[in-house]
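Novice: This is the structure I have questions about; it appears just below.
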Amino acid sequence: MTELDRIRTDVVGSLLRPPAWKAARAGLERGSMSRADFARIELDCVRDNLALQEDAGLDVVTDGEVGRLNFQDSFGLAVSGYDTGAEGLAQHESRAAAGTPLARFDMPDLAGAGTPVVHRRPVSRRLKLERNVPLEEYARAAALAKKPLKVSLIGPDRILQRFDHANSKSVYATVDDFAADVVAIQRQMIGQLVEAGCRYVHIDEPGYTAYVDAPSLDAMRKRGEDPGESLSRSLRANARLVEGFPGVTFGLHLCRGNQRSMWHREGSYDAIAERLFNELPHRRFLLEYDSPRAGSFAPLRFVPRGKVVVLGLVSTKVATLEPLDQLLRRIEEATNYIPLERLAVSTQCGFGSDVAGNLVSEDDQRRKLERVVELARKVWG
């Protein structure tokens with residue numbers, strides 16, 4: 001195991017976009033702010049995000065994904081080939097405002113024109129890597145970071161689930177053909193990150209919980225998909241994605257949706273746990289565990305030796321700070337199924353997976369990150 005495989009605190013990736021950034025982004029989109037002026041403001045946000053995490057005492061930090069309107073932009077903005085359309089700040093915030101906070105958010109029609117992966121889009125030609133968005137983010141933040149820097153990529157499962165194959169068969173005869181190109185492109189992106197010095201790559205796979213959520217399974221079947229076949233394809237793609245990068249820590253994050261303090265899916269990990277933990281070679285599994293929607297810790301009994309589970313016990317959806325004694329009891333409960341030395345802690349998801357952000361303040365965000373570190377020090381010293 002590498003040193004980063006074993007760290008006790010983690011961070012999912014995204015942080016709240018501050019008001020100054022949102023105002024600047026709106027100005028950029030209107031044409032009233034130059035790209036150079038916006039870049040300076042965004043760089044200041046990256047610097048502040050790194051300082052926030054470093055001051056909290058986290059073992060690893062991110063740039064806060066401040067350059068993305070949505071966490072899935074790591075792929076959607078990196079490639080050409082999709083039949084797509086432009087989306088801006090206002091569209092994202094309007095979409096987030098359509099739901100009810102702290103309730104299940106029924107996904108809108110994803111077939112509309114918009115950024116690929118955020119929307120389910122067909123392709124008009126084979127995918128091609130045009131710009132390595134995570135590499136750009138890493139290069140900018142690495143010059144400022146005092147702690148190890150991790151970078152997140154949206155994973156193949158979500159990319160495949162947001163691919164309109166029915167209207168793309170003239171380009172990709174099968175979904176497997178499309179998956180092969182996705183994996184090849186993402187391996188190219190990861191290879192460039194590793195060459196630049198990145199040693200922790202985080203794969204976001206929120207869609208894995210769709211395979212335990214009845215409405216999501218129904219939606220797959222209505223699209224003519226076989227959920228079992230899709231899960232197997234996704235596991236193969238994710239395993240292939242991370243092969244052959246010695247010395248690099250790969251984490252995989254699962255959640256049940258995270259937009260404006262809402263969620264999209266429910267259900268425990270039981271139905272997918274054994275395959276997930278044993279067929280994927282990732283060394284760290286970051287799992288949402290902040291609410292009853294996640295079920296019990298029992299599926300952790302399937303985690304093999306040499307892999308670490310990062311318990312997402314601290315919620316990013318609510319401002320209330322979890323009591324330390326409550327969190328300690330949760331960790332103790334988890335050790336009924338997995339040894340303490342193979343556990344770590346984090347927030348359950350990002351604070352700003354979408355630019356709209358969750359309904360917490362910047363002060364709430366700071367206190368939550370500090371609580372993660374306080375918890376880890378109490379448990380592991």
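Following the order of the structure tokens, first chain is A, next is B, and so on, with residues numbered from 1 inside each chain and ligands from 1 in the order they appear.
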Give me, as a PyMOL selection string, all polymer residues having an atom no more than 8 Å from Arg301 (chain A), counting only C-alpha atoms and skipping those fewer than 2 positions away in the same chain.

Specialist: chain A and resi 298-299+303+337-338

Novice: Kindly assemble as JSON lines a list of the region 45-136 of chain A residues that lie within 10 Å of region 351-373 of chain A, each paired with its nearest atom pair and their distance in Å to one decimal, using only C-alpha atoms, sorted first by chain and then by ascending residue number.

Specialist:
```
{"residue": "A:Leu52", "atom": "CA", "partner": "A:Arg366", "partner_atom": "CA", "distance": 7.0}
{"residue": "A:Gln53", "atom": "CA", "partner": "A:Leu369", "partner_atom": "CA", "distance": 7.2}
{"residue": "A:Asp55", "atom": "CA", "partner": "A:Glu370", "partner_atom": "CA", "distance": 8.6}
{"residue": "A:Ala56", "atom": "CA", "partner": "A:Glu370", "partner_atom": "CA", "distance": 5.0}
{"residue": "A:Gly57", "atom": "CA", "partner": "A:Val373", "partner_atom": "CA", "distance": 6.2}
{"residue": "A:Leu58", "atom": "CA", "partner": "A:Val373", "partner_atom": "CA", "distance": 6.2}
{"residue": "A:Asp59", "atom": "CA", "partner": "A:Val373", "partner_atom": "CA", "distance": 8.7}
{"residue": "A:Gly64", "atom": "CA", "partner": "A:Gly352", "partner_atom": "CA", "distance": 8.3}
{"residue": "A:Glu65", "atom": "CA", "partner": "A:Ser353", "partner_atom": "CA", "distance": 8.3}
{"residue": "A:Val66", "atom": "CA", "partner": "A:Val355", "partner_atom": "CA", "distance": 8.3}
{"residue": "A:Gly67", "atom": "CA", "partner": "A:Val355", "partner_atom": "CA", "distance": 9.4}
{"residue": "A:Arg68", "atom": "CA", "partner": "A:Val355", "partner_atom": "CA", "distance": 7.4}
{"residue": "A:Leu69", "atom": "CA", "partner": "A:Val355", "partner_atom": "CA", "distance": 4.8}
{"residue": "A:Asn70", "atom": "CA", "partner": "A:Asp354", "partner_atom": "CA", "distance": 4.3}
{"residue": "A:Phe71", "atom": "CA", "partner": "A:Ser353", "partner_atom": "CA", "distance": 5.3}
{"residue": "A:Gln72", "atom": "CA", "partner": "A:Ser353", "partner_atom": "CA", "distance": 8.5}
{"residue": "A:Asp73", "atom": "CA", "partner": "A:Asp354", "partner_atom": "CA", "distance": 9.9}
{"residue": "A:Gly88", "atom": "CA", "partner": "A:Val355", "partner_atom": "CA", "distance": 10.0}
{"residue": "A:Leu89", "atom": "CA", "partner": "A:Val355", "partner_atom": "CA", "distance": 7.3}
{"residue": "A:Ala90", "atom": "CA", "partner": "A:Ala356", "partner_atom": "CA", "distance": 9.3}
{"residue": "A:Gln91", "atom": "CA", "partner": "A:Ala356", "partner_atom": "CA", "distance": 9.9}
{"residue": "A:His92", "atom": "CA", "partner": "A:Ala356", "partner_atom": "CA", "distance": 6.7}
{"residue": "A:Glu93", "atom": "CA", "partner": "A:Ala356", "partner_atom": "CA", "distance": 5.1}
{"residue": "A:Ser94", "atom": "CA", "partner": "A:Ala356", "partner_atom": "CA", "distance": 8.6}
{"residue": "A:Arg95", "atom": "CA", "partner": "A:Ala356", "partner_atom": "CA", "distance": 9.0}
{"residue": "A:Ala96", "atom": "CA", "partner": "A:Ala356", "partner_atom": "CA", "distance": 6.5}
{"residue": "A:Ala97", "atom": "CA", "partner": "A:Ala356", "partner_atom": "CA", "distance": 8.4}
{"residue": "A:Pro101", "atom": "CA", "partner": "A:Leu359", "partner_atom": "CA", "distance": 7.9}
{"residue": "A:Leu102", "atom": "CA", "partner": "A:Leu359", "partner_atom": "CA", "distance": 9.4}
{"residue": "A:Val118", "atom": "CA", "partner": "A:Asp354", "partner_atom": "CA", "distance": 9.9}
```

Novice: Would you mind telling me which residue in A:Val242, A:Leu28, A:Ile203, A:Ala142 lies nearest to Thr62 (chain A) when using only C-alpha atoms?

Specialist: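 So, comparing all the options, the nearest one is A:Ala142.
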
Novice: Based on the backbone DSSP call, show me all residues of region 152-219 of chain A assigned alpha helix (DSSP H), as a ChimeraX atom specification.

Specialist: /A:156-161,175-196,214-219

Novice: When distances are computed from only C-alpha atoms, which of A:Ser216, A:Thr249, A:Gln188, A:Ser34 shows the smallest separation from His202 (chain A)?

Specialist: A:Thr249

Novice: Just list as a ChimeraX atom specification whatever in region 41-271 of chain A DSSP marks as strand (DSSP E).

Specialist: /A:79-82,123-129,151-154,200-204,249-254

Novice: Which residues, written as a ChimeraX atom specification, have at least one atom at most 10 Å from Ala145 (chain A), with only C-alpha atoms counted and residues fewer than 4 positions away on the same chain left out?

Specialist: /A:46-47,49-51,53-54,60-63,138,140-141,149

Novice: Suppose you want the space between CA of Arg256 (chain A) and CA of Ala180 (chain A); what is it in Å?

Specialist: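 Going from CA of Arg256 (chain A) over to CA of Ala180 (chain A) covers 26.2 Å.
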
Novice: Taking 6 positions as the minimum chain separation for residues in the same chain, which residues sit within 12 Å of Tyr82 (chain A) when counting only C-alpha atoms? Answer as a PyMOL selection string.

Specialist: chain A and resi 75-76+113-117+119-129+159+162-165+167-168+171-172+178

Novice: Please determine, counting only C-alpha atoms, which residue among A:Ala166, A:Ala20, A:Val379, A:Val12 has the shortest atom-to-atom distance to Ser315 (chain A).

Specialist: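 Of A:Ala166, A:Ala20, A:Val379, A:Val12, the one nearest Ser315 (chain A) is A:Val12, counting only C-alpha atoms.
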
Novice: To one decimal place, how far is CA of Gly244 (chain A) from CA of Arg283 (chain A) in Å?

Specialist: 13.7 Å

Novice: Using only C-alpha atoms, which of A:Thr335, A:Ser152, A:Ser291, A:Ser230 sits nearest Ala179 (chain A)?

Specialist: A:Ser230

Novice: Any idea what the distance is between CA of Ala210 (chain A) and CA of Leu300 (chain A)?

Specialist: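 So the answer is 18.7 Å.
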
Novice: Can you pull out the residues contacting region 194-199 of chain A? Cut-off 7 Å, using only C-alpha atoms, and skip same-chain residues under 3 positions away; I want them as a tab-separated table (two decimals) with N, CA and C atoms, in the first residue's frame.

Specialist:
```
chain	number	residue	atom	x	y	z
A	150	LYS	N	-5.47	15.74	-4.63
A	150	LYS	CA	-6.20	14.73	-5.38
A	150	LYS	C	-7.05	15.40	-6.44
A	190	ILE	N	-5.72	10.15	-17.27
A	190	ILE	CA	-5.04	9.75	-16.03
A	190	ILE	C	-3.53	9.67	-16.24
A	191	GLY	N	-3.11	9.12	-17.37
A	191	GLY	CA	-1.69	9.05	-17.67
A	191	GLY	C	-1.03	10.41	-17.67
A	248	VAL	N	0.15	4.92	-7.69
A	248	VAL	CA	-0.95	5.88	-7.71
A	248	VAL	C	-2.11	5.31	-6.89
A	249	THR	N	-2.67	6.11	-6.00
A	249	THR	CA	-3.84	5.72	-5.23
A	249	THR	C	-5.10	6.05	-6.02
```

Novice: So, counting only C-alpha atoms, which residue among A:Gly112, A:Arg30, A:Ile41, A:Glu136 is closest to Leu77 (chain A)?

Specialist: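 Closest residue, counting only C-alpha atoms: A:Glu136.
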